[in-house]
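J.: Structure supplied as entry-v1.txt; contents: compact mmCIF, C-alpha atoms.
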# COMPACT_ATOMS: atom_id res chain seq x y z
CA MET A 1 -92.66 -82.46 149.71
CA GLU A 2 -89.58 -81.16 151.47
CA ILE A 3 -86.93 -83.84 152.04
CA ILE A 4 -85.84 -84.06 155.67
CA MET A 5 -82.42 -85.48 156.48
CA VAL A 6 -82.89 -87.28 159.79
CA LYS A 7 -79.82 -86.92 162.02
CA PHE A 8 -79.10 -89.97 164.19
CA GLY A 9 -77.11 -90.60 167.32
CA ILE A 10 -76.23 -94.22 168.12
CA ILE A 11 -75.96 -94.91 171.84
CA GLY A 12 -73.90 -98.03 172.51
CA ILE A 13 -71.36 -99.28 169.96
CA GLY A 14 -70.82 -102.85 171.04
CA ASN A 15 -71.66 -105.75 168.71
CA MET A 16 -75.05 -104.49 167.54
CA GLY A 17 -74.17 -100.82 167.69
CA ARG A 18 -71.19 -101.34 165.41
CA SER A 19 -73.33 -103.01 162.78
CA HIS A 20 -75.67 -100.01 162.86
CA VAL A 21 -72.70 -97.61 162.60
CA LYS A 22 -71.39 -99.46 159.54
CA ARG A 23 -74.74 -99.27 157.75
CA PHE A 24 -75.01 -95.53 158.29
CA MET A 25 -71.39 -94.84 157.36
CA ASP A 26 -71.68 -97.04 154.25
CA GLY A 27 -74.57 -94.90 153.02
CA VAL A 28 -77.23 -97.62 153.22
CA PHE A 29 -80.04 -95.28 154.24
CA LYS A 30 -81.92 -92.68 152.26
CA ASN A 31 -82.44 -89.39 154.13
CA GLY A 32 -80.73 -90.60 157.28
CA GLU A 33 -77.24 -89.73 158.52
CA LEU A 34 -75.15 -90.53 161.57
CA THR A 35 -74.03 -87.36 163.33
CA ALA A 36 -73.11 -88.62 166.82
CA VAL A 37 -72.19 -91.77 168.74
CA CYS A 38 -71.83 -92.59 172.40
CA ASP A 39 -70.27 -95.31 174.51
CA ILE A 40 -69.06 -95.38 178.09
CA ARG A 41 -66.01 -97.42 177.03
CA ARG A 42 -63.17 -95.50 175.43
CA ASP A 43 -61.94 -98.54 173.48
CA ARG A 44 -65.21 -98.67 171.55
CA LEU A 45 -64.89 -95.03 170.60
CA ASP A 46 -61.32 -95.83 169.55
CA TRP A 47 -62.79 -98.51 167.25
CA MET A 48 -64.64 -95.71 165.46
CA ASN A 49 -61.38 -93.85 164.83
CA GLU A 50 -59.42 -96.96 163.87
CA ASN A 51 -61.99 -97.77 161.19
CA GLY A 52 -62.14 -94.29 159.73
CA TYR A 53 -65.53 -93.40 161.22
CA THR A 54 -64.40 -90.00 162.48
CA ALA A 55 -67.22 -87.81 161.16
CA PRO A 56 -69.80 -88.46 163.92
CA LYS A 57 -69.27 -86.47 167.12
CA GLN A 58 -68.22 -88.77 169.98
CA PHE A 59 -69.64 -88.72 173.50
CA GLU A 60 -68.98 -90.80 176.61
CA SER A 61 -72.47 -90.48 178.14
CA ALA A 62 -75.93 -90.82 176.67
CA GLU A 63 -77.10 -87.63 178.37
CA GLU A 64 -74.39 -85.57 176.68
CA LEU A 65 -75.38 -86.89 173.27
CA ILE A 66 -79.09 -86.38 173.92
CA LYS A 67 -78.55 -82.75 175.01
CA SER A 68 -76.03 -81.97 172.25
CA GLY A 69 -78.52 -80.61 169.72
CA LEU A 70 -76.76 -82.63 167.03
CA VAL A 71 -79.43 -85.32 166.55
CA ASP A 72 -83.11 -85.68 165.71
CA ALA A 73 -83.28 -89.31 166.75
CA VAL A 74 -81.38 -91.87 168.81
CA LEU A 75 -80.83 -95.55 168.14
CA ILE A 76 -80.36 -97.30 171.49
CA ALA A 77 -78.06 -100.35 171.43
CA THR A 78 -77.00 -100.58 175.07
CA PRO A 79 -77.47 -103.36 177.69
CA HIS A 80 -81.13 -104.07 178.37
CA TYR A 81 -81.69 -102.39 181.72
CA SER A 82 -80.61 -99.00 180.38
CA HIS A 83 -83.09 -98.86 177.49
CA THR A 84 -85.92 -97.24 179.41
CA GLU A 85 -83.88 -94.54 181.11
CA ILE A 86 -82.20 -93.49 177.87
CA ALA A 87 -85.44 -93.59 175.86
CA VAL A 88 -87.36 -91.54 178.42
CA SER A 89 -84.61 -88.89 178.49
CA ALA A 90 -84.56 -88.75 174.69
CA PHE A 91 -88.32 -88.29 174.50
CA GLU A 92 -88.19 -85.57 177.14
CA HIS A 93 -85.64 -83.73 175.00
CA GLY A 94 -87.82 -83.93 171.91
CA LEU A 95 -86.02 -86.74 170.11
CA HIS A 96 -87.39 -89.70 168.17
CA VAL A 97 -86.34 -93.13 169.49
CA LEU A 98 -85.47 -96.41 167.80
CA CYS A 99 -84.62 -99.06 170.39
CA GLU A 100 -82.87 -102.39 170.02
CA LYS A 101 -84.67 -105.43 171.39
CA PRO A 102 -85.80 -106.13 174.03
CA ALA A 103 -87.68 -102.97 174.98
CA GLY A 104 -86.58 -103.60 178.57
CA VAL A 105 -86.22 -106.32 181.15
CA TYR A 106 -89.63 -106.11 182.84
CA THR A 107 -92.99 -104.77 181.73
CA LYS A 108 -93.34 -102.35 184.62
CA GLN A 109 -90.22 -100.62 183.30
CA VAL A 110 -91.40 -100.58 179.69
CA ARG A 111 -94.74 -98.99 180.56
CA GLU A 112 -92.74 -95.95 181.66
CA MET A 113 -91.05 -95.84 178.26
CA ASN A 114 -94.36 -96.17 176.42
CA ALA A 115 -95.93 -93.38 178.48
CA ALA A 116 -93.01 -91.06 177.73
CA ALA A 117 -93.29 -91.85 174.02
CA GLU A 118 -97.01 -91.06 173.98
CA LYS A 119 -96.50 -87.81 175.88
CA SER A 120 -93.72 -86.68 173.54
CA GLY A 121 -95.59 -87.29 170.30
CA LYS A 122 -92.31 -88.45 168.74
CA VAL A 123 -91.78 -91.53 166.58
CA PHE A 124 -90.99 -94.63 168.62
CA GLY A 125 -89.78 -97.82 166.97
CA ILE A 126 -88.24 -101.09 168.10
CA MET A 127 -85.75 -103.22 166.20
CA TYR A 128 -87.99 -106.21 165.54
CA ASN A 129 -86.25 -106.93 162.25
CA GLN A 130 -87.89 -110.34 161.78
CA ARG A 131 -91.12 -108.56 160.92
CA THR A 132 -89.49 -107.69 157.58
CA ASN A 133 -89.20 -111.41 156.78
CA ASP A 134 -91.93 -112.23 154.28
CA VAL A 135 -92.41 -115.81 155.49
CA TYR A 136 -93.55 -114.48 158.88
CA ALA A 137 -95.55 -111.61 157.38
CA LYS A 138 -97.41 -114.06 155.13
CA THR A 139 -97.95 -116.46 158.03
CA ARG A 140 -99.52 -113.62 160.00
CA GLU A 141 -101.68 -112.70 157.01
CA LEU A 142 -102.96 -116.27 156.67
CA VAL A 143 -103.78 -116.46 160.39
CA LYS A 144 -105.35 -113.01 160.74
CA SER A 145 -107.43 -113.37 157.55
CA GLY A 146 -109.03 -116.57 158.82
CA GLU A 147 -107.61 -118.58 155.91
CA LEU A 148 -106.28 -121.11 158.43
CA GLY A 149 -109.63 -121.31 160.18
CA GLU A 150 -109.76 -121.31 163.97
CA ILE A 151 -106.32 -121.88 165.47
CA GLN A 152 -105.98 -125.19 167.32
CA ARG A 153 -102.28 -125.51 168.08
CA ALA A 154 -98.95 -123.72 167.59
CA VAL A 155 -95.52 -125.20 168.21
CA TRP A 156 -92.23 -123.34 167.83
CA ILE A 157 -88.99 -125.21 168.42
CA ILE A 158 -86.22 -122.63 168.21
CA THR A 159 -83.05 -124.32 169.45
CA ASP A 160 -80.46 -123.21 166.88
CA TRP A 161 -79.17 -120.40 169.09
CA TYR A 162 -76.02 -122.31 170.07
CA ARG A 163 -73.86 -120.24 172.42
CA PRO A 164 -70.63 -121.68 173.90
CA GLN A 165 -69.37 -120.75 177.34
CA ALA A 166 -66.93 -118.36 175.67
CA TYR A 167 -69.89 -116.27 174.52
CA HIS A 168 -71.14 -115.84 178.07
CA ASN A 169 -67.62 -114.99 179.24
CA SER A 170 -67.07 -112.48 176.44
CA SER A 171 -68.64 -109.46 178.13
CA ASP A 172 -69.08 -108.30 181.70
CA TRP A 173 -72.82 -107.70 181.37
CA ARG A 174 -73.92 -110.97 179.80
CA SER A 175 -75.77 -113.81 181.51
CA MET A 176 -76.43 -112.27 184.92
CA TRP A 177 -79.71 -111.19 186.51
CA SER A 178 -78.20 -107.89 187.63
CA THR A 179 -76.89 -106.76 184.25
CA GLU A 180 -78.74 -108.67 181.52
CA GLY A 181 -81.96 -109.59 183.29
CA GLY A 182 -82.23 -113.06 181.79
CA GLY A 183 -80.75 -115.41 179.24
CA ALA A 184 -82.25 -117.03 176.13
CA LEU A 185 -85.64 -115.39 176.62
CA ILE A 186 -84.34 -111.86 177.01
CA ASN A 187 -81.37 -112.07 174.64
CA GLN A 188 -81.88 -114.62 171.86
CA CYS A 189 -85.67 -115.01 171.70
CA PRO A 190 -87.29 -111.54 171.85
CA HIS A 191 -87.81 -111.68 168.07
CA GLN A 192 -89.59 -115.04 168.23
CA LEU A 193 -91.70 -114.01 171.23
CA ASP A 194 -92.66 -110.84 169.37
CA LEU A 195 -93.59 -112.87 166.28
CA TRP A 196 -95.56 -115.30 168.45
CA TRP A 197 -97.67 -112.42 169.79
CA TRP A 198 -97.79 -110.63 166.40
CA ILE A 199 -99.14 -113.72 164.66
CA LEU A 200 -101.14 -115.50 167.38
CA GLY A 201 -102.00 -112.88 170.00
CA MET A 202 -101.55 -113.07 173.75
CA PRO A 203 -102.11 -116.46 175.41
CA GLU A 204 -104.56 -116.63 178.28
CA ARG A 205 -102.21 -118.55 180.56
CA ILE A 206 -98.69 -120.00 180.59
CA ARG A 207 -97.00 -122.81 182.51
CA SER A 208 -93.27 -123.12 181.99
CA PHE A 209 -90.36 -125.40 182.86
CA VAL A 210 -87.00 -123.66 182.70
CA GLY A 211 -83.39 -124.71 183.19
CA PHE A 212 -81.20 -121.99 184.71
CA GLY A 213 -77.53 -122.61 183.98
CA LYS A 214 -78.48 -126.12 182.92
CA PHE A 215 -75.78 -126.41 180.24
CA HIS A 216 -73.54 -123.41 180.96
CA ASP A 217 -71.80 -121.78 183.89
CA ILE A 218 -74.38 -118.97 184.09
CA GLU A 219 -77.21 -118.08 186.45
CA VAL A 220 -79.88 -117.27 183.85
CA GLU A 221 -81.92 -119.56 181.60
CA ASP A 222 -80.45 -121.60 178.76
CA ASP A 223 -83.25 -124.17 178.34
CA VAL A 224 -86.98 -123.33 178.15
CA THR A 225 -90.21 -125.24 177.58
CA ALA A 226 -93.38 -123.14 177.85
CA TYR A 227 -96.91 -124.47 177.44
CA MET A 228 -99.60 -121.93 176.58
CA GLU A 229 -103.37 -121.92 176.37
CA TYR A 230 -105.64 -119.51 174.51
CA LYS A 231 -109.20 -118.43 175.29
CA ASN A 232 -110.57 -120.36 172.29
CA GLY A 233 -109.00 -123.58 173.61
CA ALA A 234 -105.95 -123.51 171.33
CA SER A 235 -102.66 -124.63 172.83
CA GLY A 236 -99.12 -123.52 172.20
CA LEU A 237 -95.68 -124.90 172.91
CA PHE A 238 -92.55 -122.73 172.81
CA VAL A 239 -89.21 -124.52 173.19
CA THR A 240 -85.80 -122.87 173.12
CA CYS A 241 -82.26 -123.78 174.13
CA THR A 242 -78.75 -122.41 173.59
CA ALA A 243 -76.87 -125.70 173.94
CA GLU A 244 -78.11 -127.86 171.05
CA VAL A 245 -76.13 -128.70 167.93
CA PRO A 246 -77.29 -128.35 165.22
CA GLY A 247 -80.60 -127.25 166.70
CA THR A 248 -83.95 -126.60 165.03
CA ASN A 249 -85.98 -123.59 163.97
CA ARG A 250 -89.45 -124.82 163.06
CA LEU A 251 -92.81 -123.14 163.53
CA GLU A 252 -96.05 -125.07 162.99
CA ILE A 253 -99.51 -123.53 163.29
CA SER A 254 -102.52 -125.80 162.93
CA GLY A 255 -106.05 -124.56 162.38
CA THR A 256 -109.36 -126.05 161.39
CA ARG A 257 -108.55 -125.25 157.73
CA GLY A 258 -105.03 -126.68 157.59
CA LYS A 259 -101.46 -126.23 158.75
CA ILE A 260 -98.68 -123.71 158.16
CA THR A 261 -95.06 -124.74 158.58
CA VAL A 262 -92.12 -122.33 158.55
CA GLU A 263 -88.65 -123.86 158.49
CA LYS A 264 -85.35 -122.82 156.87
CA ASN A 265 -87.09 -119.69 155.63
CA ASN A 266 -89.63 -121.72 153.66
CA LEU A 267 -93.38 -121.49 154.18
CA THR A 268 -95.72 -124.39 153.37
CA PHE A 269 -99.50 -124.29 153.64
CA MET A 270 -101.45 -127.54 153.68
CA ARG A 271 -105.06 -126.39 153.27
CA ALA A 272 -108.06 -128.49 154.24
CA VAL A 273 -110.76 -128.17 151.57
CA THR A 274 -113.45 -128.44 154.25
CA ASP A 275 -113.19 -126.93 157.71
CA GLU A 276 -112.30 -129.81 160.04
CA ARG A 277 -115.13 -128.99 162.43
CA ASP A 278 -117.69 -129.09 159.59
CA PHE A 279 -116.16 -132.28 158.21
CA ASN A 280 -116.20 -133.94 161.64
CA ARG A 281 -119.85 -133.05 162.08
CA GLU A 282 -120.96 -134.31 158.64
CA ASN A 283 -118.63 -137.28 157.99
CA THR A 284 -119.98 -140.81 158.53
CA GLU A 285 -116.86 -142.82 157.61
CA PRO A 286 -114.91 -144.24 160.61
CA PHE A 287 -111.56 -143.32 159.02
CA GLY A 288 -112.77 -140.40 156.94
CA ARG A 289 -110.41 -137.47 156.48
CA ALA A 290 -110.90 -134.06 154.93
CA GLU A 291 -109.18 -133.53 151.58
CA VAL A 292 -106.01 -131.45 151.85
CA TRP A 293 -104.35 -129.30 149.18
CA ASN A 294 -100.70 -128.32 149.17
CA CYS A 295 -101.01 -124.61 148.39
CA GLU A 296 -98.20 -122.59 146.86
CA ILE A 297 -97.95 -119.28 148.70
CA PRO A 298 -96.05 -116.54 146.85
CA VAL A 299 -93.39 -115.47 149.33
CA ASP A 300 -90.02 -113.75 149.23
CA ARG A 301 -87.61 -116.21 150.85
CA SER A 302 -84.66 -113.82 151.00
CA GLY A 303 -85.26 -113.09 154.69
CA GLY A 304 -86.28 -109.48 154.18
CA LYS A 305 -84.31 -106.29 154.76
CA GLN A 306 -83.89 -107.04 158.47
CA HIS A 307 -82.21 -104.28 160.56
CA ALA A 308 -81.73 -102.01 157.56
CA GLY A 309 -85.41 -102.36 156.68
CA ILE A 310 -86.59 -101.42 160.16
CA THR A 311 -84.21 -98.45 160.28
CA GLN A 312 -85.23 -97.14 156.83
CA ASN A 313 -88.90 -97.53 157.74
CA PHE A 314 -88.23 -95.56 160.95
CA ILE A 315 -86.51 -92.79 158.94
CA ASN A 316 -89.48 -92.68 156.57
CA ALA A 317 -91.86 -92.45 159.53
CA VAL A 318 -89.97 -89.43 160.87
CA GLU A 319 -89.70 -87.84 157.43
CA ASN A 320 -93.16 -88.38 155.98
CA GLY A 321 -95.31 -90.30 158.48
CA GLU A 322 -94.92 -93.75 156.95
CA LYS A 323 -96.57 -96.43 159.10
CA LEU A 324 -94.08 -98.23 161.35
CA LEU A 325 -93.48 -101.93 160.78
CA ALA A 326 -92.52 -102.31 164.44
CA PRO A 327 -94.01 -99.63 166.72
CA GLY A 328 -92.01 -99.30 169.92
CA GLU A 329 -95.11 -99.51 172.06
CA GLU A 330 -95.55 -103.13 170.90
CA GLY A 331 -92.28 -104.13 172.54
CA ILE A 332 -94.19 -104.78 175.75
CA PHE A 333 -96.18 -107.72 174.37
CA GLY A 334 -93.37 -110.19 173.66
CA LEU A 335 -91.77 -109.08 176.93
CA THR A 336 -95.03 -109.86 178.74
CA ILE A 337 -94.79 -113.44 177.48
CA SER A 338 -91.11 -113.58 178.48
CA ASN A 339 -91.84 -112.25 181.98
CA SER A 340 -94.72 -114.73 182.31
CA ILE A 341 -92.46 -117.66 181.40
CA HIS A 342 -89.90 -116.58 183.99
CA MET A 343 -92.54 -116.01 186.65
CA SER A 344 -94.20 -119.37 186.03
CA ALA A 345 -90.87 -121.13 186.45
CA TRP A 346 -90.01 -119.19 189.62
CA THR A 347 -93.42 -119.78 191.24
CA GLU A 348 -94.04 -123.25 189.73
CA ASP A 349 -97.55 -122.15 188.81
CA TRP A 350 -99.70 -120.85 185.97
CA VAL A 351 -99.32 -117.20 185.01
CA TYR A 352 -102.01 -115.18 183.20
CA PRO A 353 -100.05 -112.72 181.00
CA GLU A 354 -102.82 -110.13 180.63
CA LYS A 355 -103.18 -110.05 184.42
CA ILE A 356 -99.54 -110.54 185.37
CA ASP A 357 -98.65 -109.05 188.74
CA GLU A 358 -95.91 -106.68 187.58
CA ASP A 359 -94.93 -105.68 191.12
CA LYS A 360 -94.54 -109.33 192.10
CA PHE A 361 -92.42 -110.05 189.03
CA TYR A 362 -90.19 -107.09 189.81
CA ALA A 363 -89.82 -108.23 193.43
CA LEU A 364 -88.90 -111.77 192.34
CA LEU A 365 -86.32 -110.42 189.90
CA GLN A 366 -84.80 -108.19 192.58
CA ASP A 367 -84.64 -111.20 194.87
CA LYS A 368 -82.69 -113.11 192.20
CA ILE A 369 -80.25 -110.22 191.96
CA LYS A 370 -79.90 -109.74 195.73
CA ASN A 371 -79.32 -113.42 196.49
CA SER A 372 -77.07 -114.20 193.54
CA THR A 373 -73.91 -116.13 194.38
CA TYR A 374 -72.77 -116.31 190.76
CA VAL A 375 -69.18 -115.23 190.11
CA LYS A 376 -68.61 -113.96 186.58
CA LYS A 377 -65.64 -115.41 184.71
CA THR A 378 -64.60 -112.83 182.14
CA SER A 379 -61.49 -111.19 180.81
CA GLU A 380 -63.17 -107.81 181.23
CA ALA A 381 -63.28 -105.96 184.53
CA THR A 382 -66.85 -105.86 185.75
CA SER A 383 -68.02 -102.28 185.95
CA LYS A 384 -71.20 -100.41 186.73
CA LEU A 385 -73.05 -99.83 183.48
CA THR A 386 -73.95 -96.16 183.69
CA TRP A 387 -75.15 -94.57 180.50
Please lay out the structure from this file as structure tokens.
T.:
Amino acid sequence: MEIIMVKFGIIGIGNMGRSHVKRFMDGVFKNGELTAVCDIRRDRLDWMNENGYTAPKQFESAEELIKSGLVDAVLIATPHYSHTEIAVSAFEHGLHVLCEKPAGVYTKQVREMNAAAEKSGKVFGIMYNQRTNDVYAKTRELVKSGELGEIQRAVWIITDWYRPQAYHNSSDWRSMWSTEGGGALINQCPHQLDLWWWILGMPERIRSFVGFGKFHDIEVEDDVTAYMEYKNGASGLFVTCTAEVPGTNRLEISGTRGKITVEKNNLTFMRAVTDERDFNRENTEPFGRAEVWNCEIPVDRSGGKQHAGITQNFINAVENGEKLLAPGEEGIFGLTISNSIHMSAWTEDWVYPEKIDEDKFYALLQDKIKNSTYVKKTSEATSKLTW
């Protein structure tokens, strides 16, 4: 089979973009090379030169890079709102697209991206690097195989995202409805919301309680408690916050055949020998309890290959059709949960994710932007983010 060297252009070389640049320039990837970069800020392009990364062609607009003819694929690492516009343009010009999380800010926007990807026939991936983590892959396997029985409850407390005020002040686009589109849900938690959907599926309805600027001088959310219900009667609780020290990252999934716990990159599986529903039906002892085994699950606890793993898989998909670990089209599902949590908080009502009124969500978001009185405190001059 002929080896294809996939030529990449990275659009956006801020914090995440720089890490992607370094991996390419350090020769991490097989059959993938960086041939172009783009950023609207000259100082970030200067960073390329100051660090000896002078080989890739430099552009100051995404459109110039996309039309340059120098790349086969783009890796989008720009602020959230711009993802769809850049991706659609890339697809229309016959390029493959790998997009940083989240896919976008609202599902109505992301549907446009997905439609463009389907029409183009090009490879579309999203940087859901936590899918490379074996503890989550094995958890999904245990749930999907039925080994855990019927799911009864899931609880994820993910509060170790501590972000000081200096973080929010560090960039002109962070922590505002108009430029970031949200806070913890749209910035820190897209990976966990993706994993929630990937492992458990889409909840039937969501009721949330959200603190906006509760612990920081920001207008977006920094404290979230979301209660979820599934069609089979299972319940879920998703809790996140960016102001707790030291914070917790613990996922528990209970089913009729036991419980899975994921914490500190360790997976434990307490397996009920008898399905709880069968035991409950047959047991005659007032304090009877099904026998439980502590099962050792073979799992790689290294955390997986993360961003490099997703990128190499994407290169392989372009080169030889390897199945994507994180198809871009699936970016809409975690975002649907995120939008539903926001909408529930704004309307103080239940939201049904699979029937979410996308036009209403968009209107509510635009209202937040229009009526914002928040004044950004940052050392950077606020500018229009045009890519």
J.: With a distance cut-off of 10 Å and all atoms listed in the file, select the neighbouring residues of Tyr374 in chain A, excluding the residue or stretch itself and same-chain residues fewer than 5 positions from it, and output the selection as a VMD selection string.
T.: chain A and resid 176 to 177 217 to 220 369
J.: Work out how far CA of Gln188 in chain A is from CA of Cys241 in chain A, in Å to one decimal.
T.: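 Computing it gives 9.4 Å between the two atoms.
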J.: Per residue of range 280-345 of chain A within 10 Å of range 79-101 of chain A, what are the shortest atom pair and its distance in Å to one decimal, counting only C-alpha atoms, with rows by chain and residue number, as CSV?
T.:
residue,atom,partner,partner_atom,distance
A:His307,CA,A:Glu100,CA,9.7
A:Ile310,CA,A:Leu98,CA,9.2
A:Thr311,CA,A:Leu98,CA,7.9
A:Phe314,CA,A:Leu98,CA,7.4
A:Ile315,CA,A:Leu98,CA,9.6
A:Val318,CA,A:His96,CA,7.7
A:Ala326,CA,A:Leu98,CA,9.8
A:Pro327,CA,A:Leu98,CA,9.2
A:Gly328,CA,A:Cys99,CA,7.4
A:Gly331,CA,A:Lys101,CA,7.8
A:Leu335,CA,A:Lys101,CA,9.7
J.: Which residue out of A:Asn266, A:Gln109, A:Ser68, A:Ser120 has the minimum interatomic distance to Glu296 in chain A when only C-alpha atoms are used?
T.: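 Once distances to Glu296 in chain A are computed over only C-alpha atoms, the minimum belongs to A:Asn266.
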J.: Closest to Arg257 in chain A among A:Leu364, A:Ile337, A:Val143, A:Ile126, using only C-alpha atoms?
T.: A:Val143
J.: Using all atoms listed in the file, what residues lie at most 10 Å away from (-107.6, -130.3, 168.4) (file coordinates), given as a ChimeraX atom specification?
T.: /A:151-153,233-235,254-256,276-277
J.: Using all atoms listed in the file, find the one residue out of A:Asp43, A:Lys30, A:Cys38, A:Pro286 that sits nearest to Glu63 in chain A.
T.: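 The shortest atom-to-atom distance to Glu63 in chain A comes from A:Cys38.
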